[in-house]
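Pasting my_file_27.cif here (mmCIF, N, CA and C atoms and all ligand atoms):
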data_coords
#
loop_
_atom_site.label_atom_id
_atom_site.label_comp_id
_atom_site.auth_asym_id
_atom_site.auth_seq_id
_atom_site.Cartn_x
_atom_site.Cartn_y
_atom_site.Cartn_z
N MET A 1345 -10.50 -0.97 -6.44
CA MET A 1345 -11.50 -1.67 -5.67
C MET A 1345 -11.55 -1.06 -4.27
N ILE A 1346 -12.76 -0.84 -3.79
CA ILE A 1346 -12.91 -0.30 -2.44
C ILE A 1346 -12.65 -1.40 -1.42
N VAL A 1347 -11.70 -1.14 -0.55
CA VAL A 1347 -11.32 -2.10 0.48
C VAL A 1347 -12.02 -1.76 1.80
N CYS A 1348 -12.12 -0.49 2.09
CA CYS A 1348 -12.74 -0.03 3.33
C CYS A 1348 -13.99 0.76 2.98
N SER A 1349 -15.13 0.16 3.24
CA SER A 1349 -16.38 0.83 2.88
C SER A 1349 -16.72 1.96 3.84
N CYS A 1350 -16.28 1.87 5.07
CA CYS A 1350 -16.56 2.95 6.04
C CYS A 1350 -15.87 4.25 5.62
N ASN A 1351 -14.62 4.15 5.16
CA ASN A 1351 -13.85 5.34 4.79
C ASN A 1351 -13.68 5.49 3.28
N VAL A 1352 -14.26 4.58 2.52
CA VAL A 1352 -14.18 4.57 1.05
C VAL A 1352 -12.71 4.63 0.60
N LEU A 1353 -11.94 3.68 1.10
CA LEU A 1353 -10.52 3.59 0.73
C LEU A 1353 -10.35 2.50 -0.32
N THR A 1354 -9.60 2.81 -1.35
CA THR A 1354 -9.34 1.83 -2.40
C THR A 1354 -7.99 1.13 -2.15
N ASP A 1355 -7.83 -0.01 -2.78
CA ASP A 1355 -6.56 -0.73 -2.66
C ASP A 1355 -5.42 0.11 -3.23
N SER A 1356 -5.67 0.84 -4.31
CA SER A 1356 -4.59 1.64 -4.89
C SER A 1356 -4.20 2.79 -3.97
N ALA A 1357 -5.16 3.38 -3.26
CA ALA A 1357 -4.83 4.45 -2.31
C ALA A 1357 -3.99 3.89 -1.17
N ILE A 1358 -4.31 2.68 -0.73
CA ILE A 1358 -3.56 2.05 0.35
C ILE A 1358 -2.14 1.73 -0.11
N ARG A 1359 -1.99 1.21 -1.33
CA ARG A 1359 -0.65 0.93 -1.87
C ARG A 1359 0.17 2.21 -1.98
N THR A 1360 -0.46 3.25 -2.48
CA THR A 1360 0.25 4.52 -2.62
C THR A 1360 0.70 5.03 -1.25
N ALA A 1361 -0.17 4.93 -0.26
CA ALA A 1361 0.20 5.36 1.10
C ALA A 1361 1.36 4.52 1.63
N CYS A 1362 1.35 3.23 1.33
CA CYS A 1362 2.44 2.35 1.78
C CYS A 1362 3.76 2.76 1.13
N HIS A 1363 3.71 3.09 -0.14
CA HIS A 1363 4.95 3.42 -0.84
C HIS A 1363 5.48 4.80 -0.50
N THR A 1364 4.61 5.72 -0.15
CA THR A 1364 5.05 7.08 0.14
C THR A 1364 5.37 7.28 1.61
N ALA A 1365 4.56 6.73 2.49
CA ALA A 1365 4.71 7.00 3.92
C ALA A 1365 5.35 5.85 4.70
N ARG A 1366 5.42 4.67 4.10
CA ARG A 1366 5.99 3.48 4.74
C ARG A 1366 5.39 3.24 6.14
N PRO A 1367 4.07 3.16 6.24
CA PRO A 1367 3.45 2.91 7.56
C PRO A 1367 3.80 1.53 8.08
N ARG A 1368 3.83 1.42 9.40
CA ARG A 1368 4.16 0.13 10.00
C ARG A 1368 2.94 -0.56 10.60
N THR A 1369 1.84 0.18 10.75
CA THR A 1369 0.62 -0.41 11.30
C THR A 1369 -0.56 -0.02 10.42
N THR A 1370 -1.64 -0.78 10.56
CA THR A 1370 -2.85 -0.42 9.81
C THR A 1370 -3.37 0.94 10.28
N GLY A 1371 -3.22 1.25 11.56
CA GLY A 1371 -3.64 2.54 12.08
C GLY A 1371 -2.91 3.68 11.38
N GLN A 1372 -1.65 3.47 11.09
CA GLN A 1372 -0.88 4.50 10.39
C GLN A 1372 -1.36 4.65 8.94
N VAL A 1373 -1.82 3.56 8.34
CA VAL A 1373 -2.37 3.65 6.98
C VAL A 1373 -3.62 4.53 6.99
N TYR A 1374 -4.52 4.26 7.93
CA TYR A 1374 -5.72 5.11 8.04
C TYR A 1374 -5.29 6.57 8.23
N GLY A 1375 -4.35 6.80 9.11
CA GLY A 1375 -3.89 8.16 9.39
C GLY A 1375 -3.31 8.83 8.15
N CYS A 1376 -2.52 8.08 7.39
CA CYS A 1376 -1.95 8.62 6.15
C CYS A 1376 -3.03 9.05 5.18
N LEU A 1377 -4.16 8.38 5.22
CA LEU A 1377 -5.24 8.67 4.29
C LEU A 1377 -6.30 9.57 4.91
N GLY A 1378 -5.97 10.14 6.07
CA GLY A 1378 -6.84 11.15 6.67
C GLY A 1378 -8.09 10.62 7.34
N CYS A 1379 -8.02 9.38 7.82
CA CYS A 1379 -9.20 8.83 8.48
C CYS A 1379 -8.75 7.92 9.61
N SER A 1380 -9.68 7.21 10.20
CA SER A 1380 -9.34 6.25 11.24
C SER A 1380 -10.25 5.04 11.09
N ALA A 1381 -9.89 3.94 11.72
CA ALA A 1381 -10.70 2.73 11.65
C ALA A 1381 -12.06 2.99 12.26
N GLN A 1382 -13.07 2.47 11.61
CA GLN A 1382 -14.44 2.60 12.13
C GLN A 1382 -14.90 1.23 12.62
N CYS A 1383 -15.30 0.35 11.72
CA CYS A 1383 -15.77 -0.97 12.13
C CYS A 1383 -14.62 -1.97 12.25
N GLY A 1384 -13.54 -1.73 11.50
CA GLY A 1384 -12.37 -2.60 11.58
C GLY A 1384 -12.42 -3.83 10.68
N ARG A 1385 -13.48 -4.02 9.93
CA ARG A 1385 -13.58 -5.22 9.08
C ARG A 1385 -12.52 -5.26 7.99
N CYS A 1386 -12.00 -4.11 7.62
CA CYS A 1386 -11.04 -4.06 6.52
C CYS A 1386 -9.59 -4.24 7.00
N ALA A 1387 -9.37 -4.28 8.28
CA ALA A 1387 -8.00 -4.28 8.81
C ALA A 1387 -7.15 -5.42 8.26
N ARG A 1388 -7.73 -6.61 8.17
CA ARG A 1388 -6.96 -7.75 7.64
C ARG A 1388 -6.57 -7.54 6.19
N THR A 1389 -7.48 -7.03 5.42
CA THR A 1389 -7.19 -6.78 4.00
C THR A 1389 -6.14 -5.69 3.86
N ILE A 1390 -6.26 -4.64 4.67
CA ILE A 1390 -5.26 -3.56 4.61
C ILE A 1390 -3.90 -4.11 5.01
N LYS A 1391 -3.85 -4.96 6.01
CA LYS A 1391 -2.58 -5.55 6.44
C LYS A 1391 -1.99 -6.40 5.31
N ALA A 1392 -2.83 -7.15 4.61
CA ALA A 1392 -2.34 -7.97 3.49
C ALA A 1392 -1.78 -7.09 2.38
N ILE A 1393 -2.46 -5.99 2.09
CA ILE A 1393 -1.96 -5.07 1.06
C ILE A 1393 -0.65 -4.45 1.51
N MET A 1394 -0.56 -4.10 2.79
CA MET A 1394 0.69 -3.55 3.34
C MET A 1394 1.82 -4.54 3.17
N ASP A 1395 1.58 -5.79 3.56
CA ASP A 1395 2.61 -6.82 3.47
C ASP A 1395 3.09 -6.99 2.03
N GLN A 1396 2.13 -6.96 1.10
CA GLN A 1396 2.48 -7.10 -0.31
C GLN A 1396 3.28 -5.89 -0.80
N ALA A 1397 2.80 -4.71 -0.45
CA ALA A 1397 3.44 -3.48 -0.93
C ALA A 1397 4.81 -3.25 -0.31
N LEU A 1398 4.94 -3.56 0.97
CA LEU A 1398 6.18 -3.29 1.67
C LEU A 1398 7.13 -4.49 1.68
N GLY A 1399 6.60 -5.65 1.26
CA GLY A 1399 7.42 -6.86 1.30
C GLY A 1399 8.13 -7.16 0.01
N GLY A 1400 7.96 -6.29 -0.99
CA GLY A 1400 8.69 -6.48 -2.23
C GLY A 1400 8.00 -7.34 -3.25
N THR A 1401 6.72 -7.70 -3.01
CA THR A 1401 6.02 -8.51 -3.99
C THR A 1401 4.93 -7.73 -4.70
N CYS A 1402 4.92 -6.42 -4.50
CA CYS A 1402 3.88 -5.59 -5.10
C CYS A 1402 4.09 -5.50 -6.61
N THR A 1403 3.01 -5.69 -7.34
CA THR A 1403 3.09 -5.60 -8.80
C THR A 1403 2.11 -4.56 -9.33
N SER A 1404 1.70 -3.63 -8.46
CA SER A 1404 0.67 -2.67 -8.89
C SER A 1404 1.19 -1.68 -9.90
N GLY A 1405 2.50 -1.37 -9.87
CA GLY A 1405 3.06 -0.47 -10.85
C GLY A 1405 2.64 0.97 -10.70
N CYS A 1406 2.30 1.40 -9.47
CA CYS A 1406 1.89 2.80 -9.32
C CYS A 1406 3.10 3.72 -9.52
N ALA A 1407 2.81 4.95 -9.88
CA ALA A 1407 3.85 5.88 -10.29
C ALA A 1407 4.87 6.19 -9.19
N VAL A 1408 4.47 6.10 -7.94
CA VAL A 1408 5.37 6.49 -6.86
C VAL A 1408 6.11 5.30 -6.25
N CYS A 1409 5.92 4.13 -6.82
CA CYS A 1409 6.49 2.92 -6.22
C CYS A 1409 8.02 2.93 -6.28
N PRO A 1410 8.70 2.89 -5.15
CA PRO A 1410 10.15 2.84 -5.17
C PRO A 1410 10.68 1.55 -5.79
N MET A 1411 9.90 0.48 -5.70
CA MET A 1411 10.35 -0.78 -6.30
C MET A 1411 10.40 -0.67 -7.81
N ALA A 1412 9.42 0.06 -8.39
CA ALA A 1412 9.42 0.25 -9.83
C ALA A 1412 10.66 1.04 -10.26
N ALA A 1413 11.03 2.04 -9.47
CA ALA A 1413 12.21 2.84 -9.78
C ALA A 1413 13.47 1.99 -9.69
N GLU A 1414 13.51 1.11 -8.68
CA GLU A 1414 14.67 0.23 -8.53
C GLU A 1414 14.77 -0.73 -9.71
N GLU A 1415 13.63 -1.27 -10.15
CA GLU A 1415 13.63 -2.19 -11.28
C GLU A 1415 14.08 -1.48 -12.55
N ALA A 1416 13.60 -0.25 -12.76
CA ALA A 1416 13.99 0.50 -13.95
C ALA A 1416 15.48 0.79 -13.93
N SER A 1417 16.00 1.12 -12.75
CA SER A 1417 17.42 1.38 -12.60
C SER A 1417 18.24 0.13 -12.91
N ALA A 1418 17.79 -1.00 -12.42
CA ALA A 1418 18.50 -2.26 -12.66
C ALA A 1418 18.50 -2.62 -14.13
N GLU A 1419 17.35 -2.39 -14.79
CA GLU A 1419 17.25 -2.69 -16.21
C GLU A 1419 18.17 -1.79 -17.02
N THR A 1420 18.28 -0.52 -16.63
CA THR A 1420 19.15 0.41 -17.31
C THR A 1420 20.61 0.00 -17.14
N SER A 1421 20.95 -0.44 -15.93
CA SER A 1421 22.32 -0.88 -15.65
C SER A 1421 22.69 -2.10 -16.46
N GLU A 1422 21.72 -3.03 -16.57
CA GLU A 1422 21.98 -4.25 -17.32
C GLU A 1422 22.15 -3.96 -18.81
N ALA A 1423 21.41 -2.99 -19.32
CA ALA A 1423 21.45 -2.67 -20.73
C ALA A 1423 22.75 -1.97 -21.12
N ALA A 1424 23.38 -1.29 -20.16
CA ALA A 1424 24.59 -0.52 -20.46
C ALA A 1424 25.81 -1.40 -20.58
S1 LIG A 1501 -14.61 -1.23 6.44
FE1 LIG A 1501 -12.82 -0.17 7.04
S2 LIG A 1501 -13.27 0.61 9.00
FE2 LIG A 1501 -15.12 -0.33 8.35
#
Let's see the structure in the file written out as C-alpha cells.
Amino acid sequence: MIVCSCNVLTDSAIRTACHTARPRTTGQVYGCLGCSAQCGRCARTIKAIMDQALGGTCTSGCAVCPMAAEEASAETSEAA
C-alpha cells in the first residue's frame, strides 16, 4: 500500500528500511529511501510503521526482518 503519495513510498519499503537501517526519525526513513518529506501528510503513518517495526510488534514477515530471524532461531532451539 502506498503510504506517501508524494514520494510513492509503500508500507513494505518503509518496514524494510526500518529493519535494515534502524532509522530513529521519519526524516531518516525518507533519507534511507532516497527522498525527503514533501507535504508531510504521511509523517504520522510513517512514524506508526516505524514504531511497529522497531518496537517488536511487526508481523510483516519481510525477508530481512531481524525479528523473524530471532523467532526462527528460538524455534530451532526449542525443537532441539
Ligand atoms: S505524502 Fe509523504 S511527503 Fe507528501
Write out as a PDB file with N, CA and C atoms, in the frame of the given file each polymer residue (protein, DNA or RNA) that has an atom no more than 7 Å from ligand LIG 1501 (chain A), with all atoms listed in the file counted.
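Dumped everything to result-v1.pdb:
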ATOM      1  N   VAL A1347     -11.700  -1.140  -0.550  1.00  0.00           N
ATOM      2  CA  VAL A1347     -11.320  -2.100   0.480  1.00  0.00           C
ATOM      3  C   VAL A1347     -12.020  -1.760   1.800  1.00  0.00           C
ATOM      4  N   CYS A1348     -12.120  -0.490   2.090  1.00  0.00           N
ATOM      5  CA  CYS A1348     -12.740  -0.030   3.330  1.00  0.00           C
ATOM      6  C   CYS A1348     -13.990   0.760   2.980  1.00  0.00           C
ATOM      7  N   SER A1349     -15.130   0.160   3.240  1.00  0.00           N
ATOM      8  CA  SER A1349     -16.380   0.830   2.880  1.00  0.00           C
ATOM      9  C   SER A1349     -16.720   1.960   3.840  1.00  0.00           C
ATOM     10  N   CYS A1350     -16.280   1.870   5.070  1.00  0.00           N
ATOM     11  CA  CYS A1350     -16.560   2.950   6.040  1.00  0.00           C
ATOM     12  C   CYS A1350     -15.870   4.250   5.620  1.00  0.00           C
ATOM     13  N   ASN A1351     -14.620   4.150   5.160  1.00  0.00           N
ATOM     14  CA  ASN A1351     -13.850   5.340   4.790  1.00  0.00           C
ATOM     15  C   ASN A1351     -13.680   5.490   3.280  1.00  0.00           C
ATOM     16  N   VAL A1352     -14.260   4.580   2.520  1.00  0.00           N
ATOM     17  CA  VAL A1352     -14.180   4.570   1.050  1.00  0.00           C
ATOM     18  C   VAL A1352     -12.710   4.630   0.600  1.00  0.00           C
ATOM     19  N   SER A1380      -9.680   7.210  10.200  1.00  0.00           N
ATOM     20  CA  SER A1380      -9.340   6.250  11.240  1.00  0.00           C
ATOM     21  C   SER A1380     -10.250   5.040  11.090  1.00  0.00           C
ATOM     22  N   ALA A1381      -9.890   3.940  11.720  1.00  0.00           N
ATOM     23  CA  ALA A1381     -10.700   2.730  11.650  1.00  0.00           C
ATOM     24  C   ALA A1381     -12.060   2.990  12.260  1.00  0.00           C
ATOM     25  N   GLN A1382     -13.070   2.470  11.610  1.00  0.00           N
ATOM     26  CA  GLN A1382     -14.440   2.600  12.130  1.00  0.00           C
ATOM     27  C   GLN A1382     -14.900   1.230  12.620  1.00  0.00           C
ATOM     28  N   CYS A1383     -15.300   0.350  11.720  1.00  0.00           N
ATOM     29  CA  CYS A1383     -15.770  -0.970  12.130  1.00  0.00           C
ATOM     30  C   CYS A1383     -14.620  -1.970  12.250  1.00  0.00           C
ATOM     31  N   GLY A1384     -13.540  -1.730  11.500  1.00  0.00           N
ATOM     32  CA  GLY A1384     -12.370  -2.600  11.580  1.00  0.00           C
ATOM     33  C   GLY A1384     -12.420  -3.830  10.680  1.00  0.00           C
ATOM     34  N   ARG A1385     -13.480  -4.020   9.930  1.00  0.00           N
ATOM     35  CA  ARG A1385     -13.580  -5.220   9.080  1.00  0.00           C
ATOM     36  C   ARG A1385     -12.520  -5.260   7.990  1.00  0.00           C
ATOM     37  N   CYS A1386     -12.000  -4.110   7.620  1.00  0.00           N
ATOM     38  CA  CYS A1386     -11.040  -4.060   6.520  1.00  0.00           C
ATOM     39  C   CYS A1386      -9.590  -4.240   7.000  1.00  0.00           C
ATOM     40  N   ALA A1387      -9.370  -4.280   8.280  1.00  0.00           N
ATOM     41  CA  ALA A1387      -8.000  -4.280   8.810  1.00  0.00           C
ATOM     42  C   ALA A1387      -7.150  -5.420   8.260  1.00  0.00           C
TER      43      ALA A1387
END
Pick from A:Leu1398, A:Ile1346, A:Ile1390, A:Ala1357: nearest to Thr1369 in chain A, with all atoms listed in the file counted?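 Result for the nearest residue to Thr1369 in chain A: A:Ile1390.
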Could you check how far CA of Cys1376 in chain A sits from atom C of Thr1354 in chain A, in Å to one decimal?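 Atom-to-atom, CA of Cys1376 in chain A and atom C of Thr1354 in chain A are spaced 12.7 Å apart.
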Helix (DSSP H, G or I) positions in range 1352-1411 of chain A, given as a ChimeraX atom specification: /A:1355-1365,1370-1376,1387-1398,1410-1411
